[in-house]
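K.L.:
What follows is entry31.txt; its format and atoms are compact mmCIF, C-alpha atoms.
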```
# COMPACT_ATOMS: atom_id res chain seq x y z
CA MET B 24 18.94 9.84 19.72
CA GLU B 25 18.34 9.60 15.98
CA ALA B 26 15.24 8.96 13.93
CA VAL B 27 14.95 5.59 12.28
CA ALA B 28 12.99 5.52 9.02
CA SER B 29 11.63 2.07 8.35
CA ARG B 30 9.48 1.17 5.37
CA CYS B 31 6.04 -0.13 6.20
CA LEU B 32 7.01 -3.79 5.83
CA PHE B 33 3.97 -4.77 7.83
CA LEU B 34 0.61 -5.64 6.32
CA ILE B 35 -1.71 -2.65 5.97
CA PHE B 36 -5.28 -3.88 6.15
CA LEU B 37 -7.40 -1.32 4.36
CA VAL B 38 -10.90 -0.19 4.46
CA THR B 39 -10.91 0.91 7.98
CA CYS B 40 -7.21 0.74 7.38
CA GLU B 41 -6.27 -1.78 10.00
CA LEU B 42 -2.55 -2.11 10.62
CA SER B 43 -1.01 -5.36 11.77
CA PRO B 44 -1.57 -5.72 15.55
CA ASP B 45 2.04 -5.18 16.62
CA ILE B 46 2.52 -1.99 14.61
CA ALA B 47 -0.93 -0.68 15.50
CA ALA B 48 -0.19 -1.19 19.19
CA GLU B 49 3.12 0.64 18.86
CA ILE B 50 1.54 3.56 17.03
CA GLN B 51 -1.38 3.92 19.43
CA ALA B 52 0.93 3.64 22.45
CA SER B 53 3.09 6.40 20.99
CA SER B 54 0.24 8.78 20.16
CA ASP B 55 0.84 12.38 21.08
CA GLY B 56 -2.62 12.81 22.54
CA PRO B 57 -5.27 15.40 21.71
CA GLY B 58 -2.71 17.86 20.39
CA ALA B 59 -1.58 15.59 17.57
CA SER B 60 -2.32 16.41 13.94
CA GLN B 61 -5.78 15.48 12.71
CA GLY B 62 -4.56 15.11 9.12
CA PRO B 63 -1.33 14.69 7.17
CA VAL B 64 0.99 17.65 7.54
CA TRP B 65 2.59 18.92 4.31
CA LEU B 66 6.37 18.93 4.72
CA THR B 67 7.66 21.45 2.21
CA ASP B 68 11.35 21.49 3.16
CA VAL B 69 13.99 19.59 5.14
CA PRO B 70 13.84 21.72 8.33
CA ALA B 71 10.06 21.25 8.48
CA ALA B 72 10.43 17.47 8.07
CA MET B 73 13.15 17.26 10.73
CA GLU B 74 11.09 19.31 13.18
CA PHE B 75 8.00 17.20 12.46
CA ILE B 76 9.85 13.93 13.13
CA ALA B 77 11.61 15.24 16.23
CA ALA B 78 8.31 16.34 17.77
CA ALA B 79 6.83 12.82 17.85
CA GLU B 80 8.07 9.50 19.18
CA VAL B 81 6.52 7.88 16.11
CA ALA B 82 5.87 9.70 12.84
CA ILE B 83 4.57 8.28 9.57
CA ILE B 84 5.38 10.11 6.34
CA GLY B 85 4.02 9.41 2.88
CA PHE B 86 6.45 10.36 0.12
CA PHE B 87 4.33 10.65 -3.03
CA GLN B 88 5.07 12.26 -6.39
CA ASP B 89 1.71 11.36 -7.90
CA LEU B 90 -1.16 12.28 -5.60
CA GLU B 91 -3.64 10.32 -7.74
CA MET B 92 -2.05 6.97 -6.85
CA PRO B 93 -4.36 4.48 -5.07
CA VAL B 94 -1.99 4.29 -2.11
CA VAL B 95 -2.55 8.02 -1.42
CA SER B 96 -6.23 7.34 -0.73
CA ILE B 97 -5.15 4.48 1.51
CA PHE B 98 -2.77 6.78 3.34
CA HIS B 99 -5.52 9.31 4.00
CA SER B 100 -7.69 6.49 5.37
CA MET B 101 -4.87 5.59 7.76
CA VAL B 102 -4.85 9.20 8.98
CA GLN B 103 -8.58 9.00 9.73
CA LYS B 104 -8.15 5.67 11.49
CA PHE B 105 -5.40 6.95 13.79
CA PRO B 106 -6.23 10.65 14.41
CA ASP B 107 -3.81 10.92 17.33
CA VAL B 108 -0.77 9.82 15.31
CA SER B 109 1.55 12.25 13.53
CA PHE B 110 1.14 11.77 9.76
CA GLY B 111 3.01 13.83 7.19
CA MET B 112 3.28 14.00 3.40
CA SER B 113 5.95 15.39 1.11
CA ASN B 114 6.73 15.60 -2.58
CA ASP B 115 9.66 17.98 -2.10
CA SER B 116 12.81 16.75 -3.88
CA GLU B 117 15.16 18.01 -1.15
CA VAL B 118 13.21 16.21 1.57
CA TRP B 119 13.30 13.03 -0.50
CA ALA B 120 17.06 13.33 -0.99
CA HIS B 121 17.64 14.01 2.71
CA TYR B 122 15.94 10.75 3.69
CA ASN B 123 17.30 8.75 0.74
CA ILE B 124 13.86 8.33 -0.81
CA THR B 125 13.97 7.33 -4.47
CA GLY B 126 10.37 6.32 -5.13
CA ASN B 127 6.83 6.63 -3.78
CA THR B 128 6.85 5.14 -0.32
CA ILE B 129 5.50 5.31 3.22
CA SER B 130 8.06 5.45 6.02
CA LEU B 131 7.68 5.13 9.76
CA PHE B 132 10.14 7.16 11.84
CA ARG B 133 10.96 6.23 15.42
CA LEU B 134 13.30 7.80 17.95
CA THR B 135 16.08 5.31 18.63
CA VAL B 136 19.76 5.01 19.33
CA ILE B 137 20.35 2.57 16.48
CA GLY B 138 20.87 5.03 13.64
CA LEU B 139 19.18 5.78 10.33
CA PHE B 140 17.73 2.93 8.31
CA ASN B 141 15.39 3.05 5.34
CA SER B 142 14.13 0.16 3.28
CA MET B 143 11.56 0.75 0.54
CA ILE B 144 9.00 -1.55 -1.01
CA GLN B 145 7.89 -0.29 -4.39
CA ILE B 146 5.45 -3.07 -5.28
CA HIS B 147 2.02 -3.19 -3.63
CA LEU B 148 -0.43 -6.10 -3.85
CA LEU B 149 -4.07 -5.35 -3.13
CA LEU B 150 -6.71 -7.93 -2.30
CA ILE B 151 -9.96 -6.20 -3.22
CA MET B 152 -12.73 -8.02 -1.39
CA ASN B 153 -15.87 -7.32 0.61
CA LYS B 154 -15.21 -7.90 4.31
CA ALA B 155 -18.83 -8.95 4.71
CA SER B 156 -18.28 -11.90 2.39
CA PRO B 157 -18.66 -15.38 3.96
CA GLU B 158 -15.30 -16.32 2.42
CA TYR B 159 -13.49 -13.36 3.94
CA GLU B 160 -12.00 -15.02 7.05
CA GLU B 161 -10.51 -17.99 5.19
CA SER B 162 -9.33 -15.78 2.35
CA ILE B 163 -7.48 -13.35 4.60
CA LEU B 164 -5.71 -16.18 6.41
CA ARG B 165 -4.39 -17.50 3.09
CA TYR B 166 -3.50 -13.96 2.03
CA GLN B 167 -1.45 -13.48 5.21
CA LYS B 168 0.40 -16.75 4.59
CA ALA B 169 1.25 -15.66 1.07
CA ALA B 170 2.46 -12.28 2.40
CA LYS B 171 5.19 -14.01 4.40
CA LEU B 172 6.63 -15.38 1.15
CA PHE B 173 7.23 -11.87 -0.16
CA GLN B 174 8.27 -10.03 2.99
CA GLY B 175 10.54 -7.14 2.05
CA LYS B 176 9.57 -7.43 -1.63
CA ILE B 177 5.84 -6.69 -1.84
CA LEU B 178 3.57 -4.68 0.45
CA PHE B 179 0.30 -6.56 0.99
CA ILE B 180 -2.86 -4.48 1.35
CA LEU B 181 -6.53 -5.32 1.84
CA VAL B 182 -9.15 -3.06 0.24
CA ASP B 183 -12.72 -3.56 1.42
CA SER B 184 -14.90 -3.30 -1.68
CA GLY B 185 -17.91 -2.82 0.58
CA VAL B 186 -16.68 0.64 1.57
CA LYS B 187 -17.89 3.37 -0.78
CA GLU B 188 -14.71 5.43 -0.41
CA ASN B 189 -12.66 2.57 -1.88
CA GLY B 190 -14.49 2.86 -5.20
CA LYS B 191 -11.68 5.06 -6.53
CA VAL B 192 -9.15 2.30 -5.95
CA ILE B 193 -11.35 -0.24 -7.74
CA SER B 194 -11.95 2.05 -10.71
CA PHE B 195 -8.24 2.86 -10.96
CA PHE B 196 -7.59 -0.79 -11.79
CA LYS B 197 -10.49 -0.80 -14.26
CA LEU B 198 -12.31 -3.51 -12.35
CA LYS B 199 -16.06 -4.11 -12.26
CA GLU B 200 -18.05 -5.23 -9.23
CA SER B 201 -18.75 -8.50 -11.06
CA GLN B 202 -15.00 -9.19 -11.19
CA LEU B 203 -14.51 -9.05 -7.43
CA PRO B 204 -12.85 -10.37 -5.40
CA ALA B 205 -9.66 -9.62 -7.29
CA LEU B 206 -5.94 -9.20 -6.83
CA ALA B 207 -4.35 -5.99 -8.11
CA ILE B 208 -0.60 -5.42 -8.12
CA TYR B 209 1.04 -2.03 -8.58
CA GLN B 210 4.63 -0.86 -8.97
CA THR B 211 5.11 2.70 -7.78
CA LEU B 212 8.38 3.27 -9.65
CA ASP B 213 6.92 3.12 -13.16
CA ASP B 214 3.15 2.85 -12.53
CA GLU B 215 3.04 -0.68 -13.96
CA TRP B 216 0.06 -2.69 -12.73
CA ASP B 217 -1.88 -5.87 -13.32
CA THR B 218 -5.07 -7.50 -12.06
CA LEU B 219 -6.39 -11.00 -11.47
CA PRO B 220 -10.10 -11.51 -10.72
CA THR B 221 -10.31 -14.61 -8.55
CA ALA B 222 -13.27 -16.41 -7.02
CA GLU B 223 -10.95 -18.16 -4.54
CA VAL B 224 -7.97 -16.65 -2.76
CA SER B 225 -5.31 -19.32 -2.27
CA VAL B 226 -1.64 -19.11 -1.30
CA GLU B 227 -0.64 -20.74 -4.58
CA ARG B 228 -2.70 -18.36 -6.70
CA VAL B 229 -1.36 -15.28 -4.91
CA GLN B 230 2.20 -16.60 -5.13
CA ASN B 231 1.94 -17.35 -8.85
CA PHE B 232 0.45 -13.93 -9.56
CA CYS B 233 3.21 -12.15 -7.63
CA ASP B 234 5.98 -14.27 -9.14
CA GLY B 235 4.61 -13.59 -12.62
CA PHE B 236 4.60 -9.84 -12.04
CA LEU B 237 8.15 -9.91 -10.67
CA GLU B 238 9.20 -11.81 -13.78
CA GLY B 239 7.62 -9.21 -16.05
CA LYS B 240 4.51 -11.18 -17.01
CA ARG B 241 1.31 -9.15 -17.34
CA LEU B 242 -2.05 -10.94 -17.40
CA ARG B 243 -3.81 -7.68 -18.18
CA GLU B 244 -1.85 -7.30 -21.44
CA ASN B 245 -2.96 -10.78 -22.50
CA HIS B 246 -6.61 -9.94 -21.75
CA GLU B 247 -6.41 -6.66 -23.67
CA SER B 248 -4.84 -8.46 -26.62
CA GLU B 249 -7.62 -11.05 -26.60
CA ASP B 250 -10.28 -8.31 -26.47
CA LYS B 251 -8.77 -6.54 -29.48
CA THR B 252 -8.65 -9.80 -31.42
CA SER B 253 -12.30 -10.50 -30.64
CA LYS B 254 -13.34 -7.03 -31.82
CA VAL B 255 -11.43 -7.47 -35.09
CA GLU B 256 -13.09 -10.84 -35.70
CA LEU B 257 -16.51 -9.28 -35.15
```
Please express what this file holds, its structure, as structure tokens.
P.N.:
Amino acid sequence: MEAVASRCLFLIFLVTCELSPDIAAEIQASSDGPGASQGPVWLTDVPAAMEFIAAAEVAIIGFFQDLEMPVVSIFHSMVQKFPDVSFGMSNDSEVWAHYNITGNTISLFRLTVIGLFNSMIQIHLLLIMNKASPEYEESILRYQKAAKLFQGKILFILVDSGVKENGKVISFFKLKESQLPALAIYQTLDDEWDTLPTAEVSVERVQNFCDGFLEGKRLRENHESEDKTSKVEL
């Protein structure tokens, strides 16, 4: 049997880091029990990575070059949420090459007879919103509908702004509490990102924001340009 590496195409719901129900069920059902790692294991070479994957029916590995990326904090939250699952991390170039990794990504490895497959999503969209908000339920339903439009292109993530630990993610995108809820999009390949504070989360608004980013449009650049103009006029 070989290990299949599949990109996390599913929705990762952050804060308490909730995975989509089907993937969460698979991961929990495949837990290695009390002996599993309580934190991400550093995989420093190919033999270590191969041994790590072979030891678990399901293994999740974060391949990160920049450990200050917001998704790294999210990954650590996932580890805390599923303590009985085997999580690993690697920034070793030989490990990346062995698994055909070309950019920051999270891959799920499963034992299967199908063969090796790896598909990466390098663009992440974050909905930064307080889960205690009255608008949360309706907003997340629309967010899920929009996610289906970009399956395989953009990884949709929910960041609960009501959780103190997520403050680093919010500050990374230079957002203020008064600007939330907001959409933040991030491309791991070149660290390009953009934000859109939005009082209402709608399928159309999410779709337009994502389409604009894919087309190279940056709302943040327009805002920064306007701010500079205002300062000059003053």
K.L.:
Find, counting all atoms listed in the file, the residue in B:Asp89, B:Glu161, B:Asp68, B:Glu223 that gets nearest to Trp119 of chain B.
P.N.:
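The shortest atom-to-atom distance to Trp119 of chain B comes from B:Asp68.
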K.L.:
Using all atoms listed in the file, determine which residues lie at most 8 Å from Thr221 of chain B, disregarding the query and same-chain residues fewer than 4 positions distant; provide the list as a list in words.
P.N.:
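Counting all atoms listed in the file, the residues come to Gln202, Leu203, Pro204, Ala205 and Leu206 of chain B.
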K.L.:
Find, counting all atoms listed in the file, the residue in B:Pro93, B:Pro106, B:Pro220, B:Gly235 that gets nearest to Ile180 of chain B.
P.N.:
B:Pro93
K.L.:
Find, counting only C-alpha atoms, the residue in B:Thr67, B:Gln210, B:Gln230, B:Gln145 that gets nearest to Ser116 of chain B.
P.N.:
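Smallest separation from Ser116 of chain B among the options: B:Thr67.
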K.L.:
Hey, can you check how far atom CA of Ala170 of chain B sits from atom CA of Tyr122 of chain B?
P.N.:
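Those two atoms sit 26.7 Å apart.
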K.L.:
Residues near Ile208 of chain B, anyone? I mean within 9 Å using only C-alpha atoms, not counting same-chain ones fewer than 6 positions away, as an mmCIF file with C-alpha atoms, in the frame of the given file.
P.N.:
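Okay, around39.cif is ready:
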```cif
data_model
loop_
_atom_site.group_PDB
_atom_site.id
_atom_site.type_symbol
_atom_site.label_atom_id
_atom_site.label_comp_id
_atom_site.auth_asym_id
_atom_site.auth_seq_id
_atom_site.Cartn_x
_atom_site.Cartn_y
_atom_site.Cartn_z
ATOM 1 C CA ILE B 146 5.450 -3.070 -5.280
ATOM 2 C CA HIS B 147 2.020 -3.190 -3.630
ATOM 3 C CA LEU B 148 -0.430 -6.100 -3.850
ATOM 4 C CA LEU B 149 -4.070 -5.350 -3.130
ATOM 5 C CA LEU B 150 -6.710 -7.930 -2.300
ATOM 6 C CA GLU B 215 3.040 -0.680 -13.960
ATOM 7 C CA TRP B 216 0.060 -2.690 -12.730
ATOM 8 C CA ASP B 217 -1.880 -5.870 -13.320
ATOM 9 C CA THR B 218 -5.070 -7.500 -12.060
ATOM 10 C CA LEU B 219 -6.390 -11.000 -11.470
ATOM 11 C CA PHE B 232 0.450 -13.930 -9.560
ATOM 12 C CA CYS B 233 3.210 -12.150 -7.630
ATOM 13 C CA PHE B 236 4.600 -9.840 -12.040
#
```
K.L.:
Between B:Val226, B:Val108, B:Ile129, B:Val118, which has the minimum distance to Arg165 of chain B (counting only C-alpha atoms)?
P.N.:
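Checking each candidate against Arg165 of chain B, we get B:Val226 as the closest.
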K.L.:
Between atom CA of Glu74 of chain B and atom CA of Thr211 of chain B, what is the distance in Å, rounded to a tenth?
P.N.:
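Spanning atom CA of Glu74 of chain B to atom CA of Thr211 of chain B is a straight-line distance of 27.4 Å.
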K.L.:
Can you work out which one of B:Arg243, B:His121, B:His99, B:Lys104 has the shortest atom-to-atom distance to Phe196 of chain B, counting only C-alpha atoms?
P.N.:
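Comparing B:Arg243, B:His121, B:His99, B:Lys104 against Phe196 of chain B, the winner is B:Arg243.
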K.L.:
Compile the contact shell of Phe75 of chain B as a ChimeraX atom specification: residues with an atom at most 12 Å away, counting only C-alpha atoms, same-chain residues fewer than 5 positions apart removed.
P.N.:
/B:26,59-60,63-70,80-84,108-113,132-133
